[in-house]
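The next block is start_0.csv, given as CSV, C-alpha atoms.
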chain,number,residue,atom,x,y,z
A,38,MET,CA,-7.3,-27.9,16.2
A,39,ASN,CA,-8.5,-25.3,13.7
A,40,GLU,CA,-5.5,-24.4,11.4
A,41,TYR,CA,-6.2,-20.7,11.7
A,42,ILE,CA,-6.3,-20.9,15.6
A,43,LYS,CA,-3.0,-22.8,15.5
A,44,GLN,CA,-1.4,-20.1,13.4
A,45,ILE,CA,-2.5,-17.4,15.8
A,46,SER,CA,-1.0,-19.4,18.7
A,47,GLU,CA,2.2,-19.8,16.8
A,48,ARG,CA,2.4,-16.0,16.1
A,49,ILE,CA,1.8,-15.2,19.8
A,50,ARG,CA,4.5,-17.6,20.9
A,51,GLU,CA,7.0,-16.4,18.3
A,52,LEU,CA,6.3,-12.7,19.0
A,53,ARG,CA,6.6,-13.2,22.8
A,54,ASP,CA,10.0,-15.0,22.2
A,55,ILE,CA,11.2,-12.2,19.9
A,56,LEU,CA,10.2,-9.5,22.4
A,57,GLU,CA,11.7,-11.6,25.3
A,58,ILE,CA,8.7,-11.1,27.5
A,59,PRO,CA,8.3,-13.9,30.1
A,60,VAL,CA,5.0,-15.9,30.1
A,61,GLU,CA,4.3,-14.7,33.7
A,62,ASP,CA,4.4,-11.0,32.6
A,63,VAL,CA,2.1,-11.5,29.7
A,64,ALA,CA,-0.3,-13.5,31.8
A,65,ARG,CA,-0.4,-10.9,34.5
A,66,GLU,CA,-1.0,-8.1,32.0
A,67,ILE,CA,-3.9,-9.8,30.3
A,68,GLY,CA,-5.4,-11.1,33.5
A,69,VAL,CA,-5.0,-14.9,33.3
A,70,THR,CA,-2.8,-17.4,35.0
A,71,PRO,CA,0.5,-18.4,33.4
A,72,GLU,CA,-0.9,-21.9,32.8
A,73,GLU,CA,-3.9,-20.5,31.0
A,74,PHE,CA,-1.7,-18.2,28.8
A,75,MET,CA,0.5,-21.2,28.0
A,76,ALA,CA,-2.6,-23.1,26.9
A,77,TYR,CA,-3.5,-20.2,24.6
A,78,GLU,CA,0.1,-20.0,23.3
A,79,SER,CA,0.3,-23.7,22.6
A,80,GLY,CA,-3.1,-23.9,21.0
A,81,ALA,CA,-4.4,-26.3,23.6
A,82,LYS,CA,-7.1,-23.7,24.4
A,83,GLU,CA,-8.6,-21.3,22.0
A,84,ILE,CA,-7.8,-17.7,22.8
A,85,PRO,CA,-10.9,-15.5,23.2
A,86,ILE,CA,-11.0,-12.4,21.0
A,87,SER,CA,-10.8,-10.2,24.1
A,88,MET,CA,-7.5,-11.9,25.2
A,89,LEU,CA,-6.2,-11.6,21.7
A,90,TYR,CA,-6.7,-7.9,21.8
A,91,ARG,CA,-5.1,-7.7,25.3
A,92,THR,CA,-2.1,-9.7,24.2
A,93,ALA,CA,-1.7,-7.5,21.1
A,94,ALA,CA,-1.7,-4.5,23.5
A,95,VAL,CA,1.0,-6.1,25.7
A,96,PHE,CA,3.1,-6.7,22.6
A,97,LYS,CA,2.4,-3.2,21.3
A,98,VAL,CA,1.1,-4.5,18.0
A,99,ASP,CA,-2.1,-4.2,16.1
A,100,PRO,CA,-4.4,-7.3,16.7
A,101,THR,CA,-4.2,-7.8,12.9
A,102,VAL,CA,-0.6,-8.9,13.3
A,103,LEU,CA,-1.7,-11.8,15.6
A,104,MET,CA,-4.7,-12.7,13.4
A,105,THR,CA,-3.0,-12.5,10.0
A,106,GLY,CA,0.8,-12.3,10.5
A,107,ASP,CA,0.6,-9.0,8.5
A,108,VAL,CA,0.5,-5.4,9.5
A,109,PRO,CA,-2.3,-2.9,8.6
A,110,ARG,CA,-1.2,-0.6,5.8
A,111,MET,CA,-4.0,1.9,5.2
A,112,ASP,CA,-4.0,5.4,6.7
A,113,ASP,CA,-6.9,7.3,5.2
A,114,TYR,CA,-9.4,4.5,4.4
A,115,THR,CA,-9.7,0.8,3.8
A,116,VAL,CA,-12.2,-1.0,1.6
A,117,VAL,CA,-13.2,-4.6,2.2
A,118,ARG,CA,-15.3,-6.1,-0.6
A,119,GLY,CA,-18.2,-8.4,0.4
A,120,GLY,CA,-16.9,-11.7,1.8
A,121,ASN,CA,-13.3,-10.6,1.9
A,122,GLY,CA,-12.8,-9.7,5.6
A,123,VAL,CA,-10.3,-11.7,7.7
A,124,LYS,CA,-12.3,-14.8,8.7
A,125,VAL,CA,-11.9,-16.4,12.1
A,126,GLU,CA,-13.7,-19.5,13.2
A,127,ARG,CA,-13.5,-19.2,17.0
A,128,TYR,CA,-15.2,-22.5,17.5
A,129,PRO,CA,-17.8,-24.6,15.7
A,130,GLY,CA,-20.9,-22.4,15.4
A,131,TYR,CA,-19.2,-19.1,16.0
A,132,SER,CA,-17.2,-17.3,13.3
A,133,PHE,CA,-16.5,-13.7,12.5
A,134,SER,CA,-15.1,-11.6,9.6
A,135,ALA,CA,-13.0,-8.6,10.6
A,136,LEU,CA,-13.8,-5.7,8.3
A,137,ALA,CA,-11.2,-3.0,9.2
A,138,PHE,CA,-8.2,-5.2,9.7
A,139,ASN,CA,-6.1,-3.3,7.1
A,140,TYR,CA,-6.6,0.2,8.7
A,141,LYS,CA,-3.8,1.5,10.8
A,142,HIS,CA,-4.4,2.9,14.3
A,143,ARG,CA,-8.1,2.1,14.3
A,144,ILE,CA,-10.1,2.8,17.5
A,145,MET,CA,-12.9,0.4,16.7
A,146,ASP,CA,-13.2,-3.0,15.2
A,147,PRO,CA,-16.3,-3.8,13.0
A,148,MET,CA,-17.0,-7.5,12.5
A,149,ILE,CA,-19.7,-9.6,11.0
A,150,VAL,CA,-20.4,-12.5,13.4
A,151,THR,CA,-22.2,-15.7,12.2
A,152,LEU,CA,-23.7,-18.0,14.8
A,153,SER,CA,-25.4,-21.4,14.6
A,154,ARG,CA,-28.2,-22.2,17.0
A,155,SER,CA,-27.0,-22.8,20.6
A,156,GLU,CA,-28.5,-23.2,24.0
A,157,THR,CA,-25.9,-21.1,25.8
A,158,ALA,CA,-23.8,-18.1,25.1
A,159,GLU,CA,-20.1,-18.1,26.1
A,160,LEU,CA,-19.7,-15.1,28.3
A,161,VAL,CA,-16.6,-12.8,27.9
A,162,THR,CA,-15.5,-9.4,29.1
A,163,HIS,CA,-13.3,-6.7,27.6
A,164,GLY,CA,-12.8,-3.0,27.9
A,165,GLY,CA,-14.3,-0.3,25.8
A,166,GLN,CA,-17.8,-0.3,24.4
A,167,GLU,CA,-19.7,-2.6,22.1
A,168,PHE,CA,-22.5,-2.3,19.6
A,169,ASN,CA,-24.4,-5.2,18.0
A,170,TYR,CA,-26.9,-4.9,15.0
A,171,VAL,CA,-28.7,-8.0,13.9
A,172,ILE,CA,-28.6,-8.5,10.2
A,173,GLU,CA,-30.5,-11.8,9.9
A,174,GLY,CA,-32.1,-14.3,12.2
A,175,THR,CA,-32.7,-13.9,16.0
A,176,ILE,CA,-30.1,-13.8,18.7
A,177,LYS,CA,-30.2,-13.7,22.5
A,178,VAL,CA,-27.7,-11.3,24.0
A,179,VAL,CA,-26.7,-11.6,27.6
A,180,VAL,CA,-25.3,-8.5,29.4
A,181,GLY,CA,-24.6,-9.1,33.1
A,182,LYS,CA,-27.8,-10.6,34.5
A,183,ARG,CA,-30.0,-9.4,31.7
A,184,GLU,CA,-31.0,-11.3,28.5
A,185,PHE,CA,-32.3,-9.6,25.4
A,186,THR,CA,-33.9,-11.2,22.3
A,187,LEU,CA,-33.0,-9.3,19.2
A,188,ASN,CA,-34.4,-9.8,15.7
A,189,ALA,CA,-33.1,-8.6,12.3
A,190,GLY,CA,-33.0,-4.8,12.5
A,191,ASP,CA,-32.7,-4.6,16.3
A,192,SER,CA,-29.5,-3.4,18.0
A,193,ILE,CA,-27.9,-3.1,21.4
A,194,TYR,CA,-25.1,-0.9,22.7
A,195,PHE,CA,-23.5,-1.9,26.0
A,196,ASN,CA,-20.6,-1.9,28.4
A,197,PRO,CA,-18.6,-5.1,27.6
A,198,GLU,CA,-16.9,-5.0,31.0
A,199,LYS,CA,-20.0,-6.8,32.1
A,200,PRO,CA,-20.0,-10.5,31.3
A,201,HIS,CA,-21.7,-10.8,27.9
A,202,GLY,CA,-22.3,-13.2,25.0
A,203,GLN,CA,-24.5,-13.9,22.1
A,204,ARG,CA,-26.2,-17.0,20.8
A,205,ALA,CA,-28.4,-17.8,17.9
A,206,VAL,CA,-32.1,-18.6,18.5
A,207,THR,CA,-32.8,-19.4,14.9
A,208,GLU,CA,-30.9,-22.0,12.9
A,209,THR,CA,-28.3,-19.4,12.0
A,210,ALA,CA,-28.0,-15.7,12.8
A,211,LYS,CA,-25.7,-12.9,11.6
A,212,PHE,CA,-24.9,-9.6,13.3
A,213,LEU,CA,-22.6,-6.7,12.9
A,214,THR,CA,-20.6,-5.9,16.0
A,215,ILE,CA,-18.5,-2.8,16.5
A,216,ILE,CA,-16.1,-3.0,19.4
A,217,ASN,CA,-14.2,0.0,20.7
A,218,GLU,CA,-11.6,-1.2,23.2
Re-express the file's structure as structure tokens.
Amino acid sequence: MNEYIKQISERIRELRDILEIPVEDVAREIGVTPEEFMAYESGAKEIPISMLYRTAAVFKVDPTVLMTGDVPRMDDYTVVRGGNGVKVERYPGYSFSALAFNYKHRIMDPMIVTLSRSETAELVTHGGQEFNYVIEGTIKVVVGKREFTLNAGDSIYFNPEKPHGQRAVTETAKFLTIINE
């Protein structure tokens, strides 16, 4: 298991224990079965970013706490120098770098996502709105039953409550995503 994912799972389990919230309650609030939540919490199954955000909301903490073990500290601004965002490798071929992790009370999360070529896109759902801007390469974006091919300089803004996902068409691709949840 990816060490970073293992640390996130441990933080989730520890925080749930500290808050004394039963597994069944967290599972119900984030919309999964208790067994699926236990798989996330144990690290047996990688927790999707949307579930990470939902779990943070149940715990009433910033998602940064679950991702890094630290709390955001900046009120007026935060600067993240090139290459210094909080990096998360969700699974081989899909990683992102969180760019606003240190800003308190943020209402959107900008991230740089790096993809390796894939034949399928893992579909997820979450609340809010989402914006993707392709920085390099070509990606296919699935939103509901539609599929869009986007090249460098192209963008898409969509309702992420529809099942959606992105995959690289070129060997690698990179895009900026901004999620307001």
At what distance in Å, to one decimal, does atom CA of A:Ile86 lie from atom CA of A:Ile193?
19.3 Å
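Closest to A:Val206 among A:Leu160, A:Ile172, A:Leu152, A:Val102 is A:Leu152, based on only C-alpha atoms.
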May I have the residues within 7 Å of A:Gly130 as an NGL selection string, using all atoms listed in the file and disregarding those fewer than 2 positions away in the same chain?
:A and (128 or 132 or 152-153)
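Compared by their closest atoms to A:Glu78, and using all atoms listed in the file, the residues A:Ser46, A:Ser134, A:Thr92, A:Asn121 rank with A:Ser46 nearest.
Put simply, atom CA of A:Ile67 is 25.1 Å away from atom CA of A:Thr157.
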Neighbouring residues of A:Ala94 were defined as those with any atom within 12 Å, considering all atoms listed in the file; residues of the same chain fewer than 3 positions away were excluded. Please report them as number ranges by chain.
A: 49, 63, 66-67, 87-91, 97-103, 218
Do you know which residues are at most 9 Å from A:Gln44 counting all atoms listed in the file, after dropping those on the same chain fewer than 3 positions away, and could you put them as a list in words?
Asn39, Glu40, Tyr41, Glu47, Arg48, Ile49, Gly80, Leu103, Met104, Thr105 and Gly106 of chain A
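The gap separating atom CA of A:Ile84 from atom CA of A:Tyr140 is 22.8 Å, in Å to one decimal.
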Residue nearest A:Val125 - candidates A:Ala64, A:Ile58, A:Val150, A:Ala93, atoms counted: all atoms listed in the file
A:Val150
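The nearest approach to A:Pro109 among the residues A:Lys141, A:Ala135, A:Val179, A:Glu208, with all atoms listed in the file taken into account, belongs to A:Lys141.
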Contact residues around A:Gly165 with only C-alpha atoms at 8 Å, ignoring same-chain residues under 3 positions, as a short mmCIF file (atom, residue, chain, number, x, y, z; two decimals) with C-alpha atoms, in the coordinates of the input:
data_model
loop_
_atom_site.label_atom_id
_atom_site.label_comp_id
_atom_site.auth_asym_id
_atom_site.auth_seq_id
_atom_site.Cartn_x
_atom_site.Cartn_y
_atom_site.Cartn_z
CA ASN A 196 -20.60 -1.90 28.40
CA PRO A 197 -18.60 -5.10 27.60
CA GLU A 198 -16.90 -5.00 31.00
CA ILE A 216 -16.10 -3.00 19.40
CA ASN A 217 -14.20 0.00 20.70
CA GLU A 218 -11.60 -1.20 23.20
#
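Nearest residue to A:Thr214 among A:Met75, A:Leu136, A:Leu56, A:Ile149 is A:Ile149, counting only C-alpha atoms.
Distance check against A:Val171 using only C-alpha atoms: of A:Tyr194, A:Phe138, A:Phe96, A:Tyr77, the minimum falls on A:Tyr194.
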All file atoms of stretch 57-67 of chain A boxed axis-aligned, 4 Å per side, centre plus edges, as JSON:
{"center_x": 3.9, "center_y": -12.0, "center_z": 29.9, "size_x": 23.6, "size_y": 15.8, "size_z": 17.2}
Could I see stretch 122-140 of chain A restored to N, CA, C and O atoms, set down as an mmCIF file, keeping the file's coordinate frame?
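Result file follows (out34.cif):
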data_model
loop_
_atom_site.group_PDB
_atom_site.id
_atom_site.type_symbol
_atom_site.label_atom_id
_atom_site.label_comp_id
_atom_site.auth_asym_id
_atom_site.auth_seq_id
_atom_site.Cartn_x
_atom_site.Cartn_y
_atom_site.Cartn_z
ATOM 1 N N GLY A 122 -13.404 -10.057 4.290
ATOM 2 C CA GLY A 122 -12.800 -9.700 5.600
ATOM 3 C C GLY A 122 -11.967 -10.882 6.074
ATOM 4 O O GLY A 122 -12.025 -11.987 5.537
ATOM 5 N N VAL A 123 -11.146 -10.623 7.082
ATOM 6 C CA VAL A 123 -10.300 -11.700 7.700
ATOM 7 C C VAL A 123 -11.281 -12.577 8.477
ATOM 8 O O VAL A 123 -11.903 -12.124 9.434
ATOM 9 N N LYS A 124 -11.402 -13.839 8.063
ATOM 10 C CA LYS A 124 -12.300 -14.800 8.700
ATOM 11 C C LYS A 124 -11.663 -15.531 9.822
ATOM 12 O O LYS A 124 -10.558 -16.024 9.654
ATOM 13 N N VAL A 125 -12.356 -15.612 10.944
ATOM 14 C CA VAL A 125 -11.900 -16.400 12.100
ATOM 15 C C VAL A 125 -13.001 -17.257 12.572
ATOM 16 O O VAL A 125 -14.091 -16.765 12.870
ATOM 17 N N GLU A 126 -12.764 -18.565 12.622
ATOM 18 C CA GLU A 126 -13.700 -19.500 13.200
ATOM 19 C C GLU A 126 -13.259 -19.715 14.651
ATOM 20 O O GLU A 126 -12.283 -20.423 14.880
ATOM 21 N N ARG A 127 -13.926 -19.056 15.603
ATOM 22 C CA ARG A 127 -13.500 -19.200 17.000
ATOM 23 C C ARG A 127 -13.735 -20.582 17.506
ATOM 24 O O ARG A 127 -12.921 -21.135 18.219
ATOM 25 N N TYR A 128 -14.882 -21.136 17.200
ATOM 26 C CA TYR A 128 -15.200 -22.500 17.500
ATOM 27 C C TYR A 128 -16.393 -22.895 16.681
ATOM 28 O O TYR A 128 -17.015 -22.022 16.069
ATOM 29 N N PRO A 129 -16.716 -24.193 16.572
ATOM 30 C CA PRO A 129 -17.800 -24.600 15.700
ATOM 31 C C PRO A 129 -19.109 -23.805 16.127
ATOM 32 O O PRO A 129 -19.468 -23.735 17.293
ATOM 33 N N GLY A 130 -19.720 -23.181 15.131
ATOM 34 C CA GLY A 130 -20.900 -22.400 15.400
ATOM 35 C C GLY A 130 -20.745 -20.976 15.683
ATOM 36 O O GLY A 130 -21.709 -20.238 15.888
ATOM 37 N N TYR A 131 -19.484 -20.493 15.717
ATOM 38 C CA TYR A 131 -19.200 -19.100 16.000
ATOM 39 C C TYR A 131 -18.017 -18.657 15.127
ATOM 40 O O TYR A 131 -16.896 -19.109 15.337
ATOM 41 N N SER A 132 -18.286 -17.805 14.153
ATOM 42 C CA SER A 132 -17.200 -17.300 13.300
ATOM 43 C C SER A 132 -17.424 -15.784 13.126
ATOM 44 O O SER A 132 -18.531 -15.283 13.283
ATOM 45 N N PHE A 133 -16.347 -15.081 12.799
ATOM 46 C CA PHE A 133 -16.500 -13.700 12.500
ATOM 47 C C PHE A 133 -15.588 -13.296 11.336
ATOM 48 O O PHE A 133 -14.630 -14.001 11.017
ATOM 49 N N SER A 134 -15.920 -12.183 10.718
ATOM 50 C CA SER A 134 -15.100 -11.600 9.600
ATOM 51 C C SER A 134 -14.770 -10.203 10.022
ATOM 52 O O SER A 134 -15.654 -9.351 10.177
ATOM 53 N N ALA A 135 -13.463 -9.942 10.217
ATOM 54 C CA ALA A 135 -13.000 -8.600 10.600
ATOM 55 C C ALA A 135 -13.016 -7.717 9.351
ATOM 56 O O ALA A 135 -12.500 -8.083 8.300
ATOM 57 N N LEU A 136 -13.623 -6.534 9.493
ATOM 58 C CA LEU A 136 -13.800 -5.700 8.300
ATOM 59 C C LEU A 136 -12.890 -4.481 8.236
ATOM 60 O O LEU A 136 -12.869 -3.812 7.204
ATOM 61 N N ALA A 137 -12.125 -4.182 9.267
ATOM 62 C CA ALA A 137 -11.200 -3.000 9.200
ATOM 63 C C ALA A 137 -9.783 -3.421 9.497
ATOM 64 O O ALA A 137 -8.965 -2.596 9.878
ATOM 65 N N PHE A 138 -9.467 -4.681 9.301
ATOM 66 C CA PHE A 138 -8.200 -5.200 9.700
ATOM 67 C C PHE A 138 -6.986 -4.515 8.995
ATOM 68 O O PHE A 138 -5.885 -4.536 9.517
ATOM 69 N N ASN A 139 -7.200 -3.876 7.875
ATOM 70 C CA ASN A 139 -6.100 -3.300 7.100
ATOM 71 C C ASN A 139 -5.949 -1.760 7.410
ATOM 72 O O ASN A 139 -5.158 -1.094 6.774
ATOM 73 N N TYR A 140 -6.708 -1.230 8.360
ATOM 74 C CA TYR A 140 -6.600 0.200 8.700
ATOM 75 C C TYR A 140 -5.753 0.404 9.891
ATOM 76 O O TYR A 140 -6.004 -0.152 10.964
#
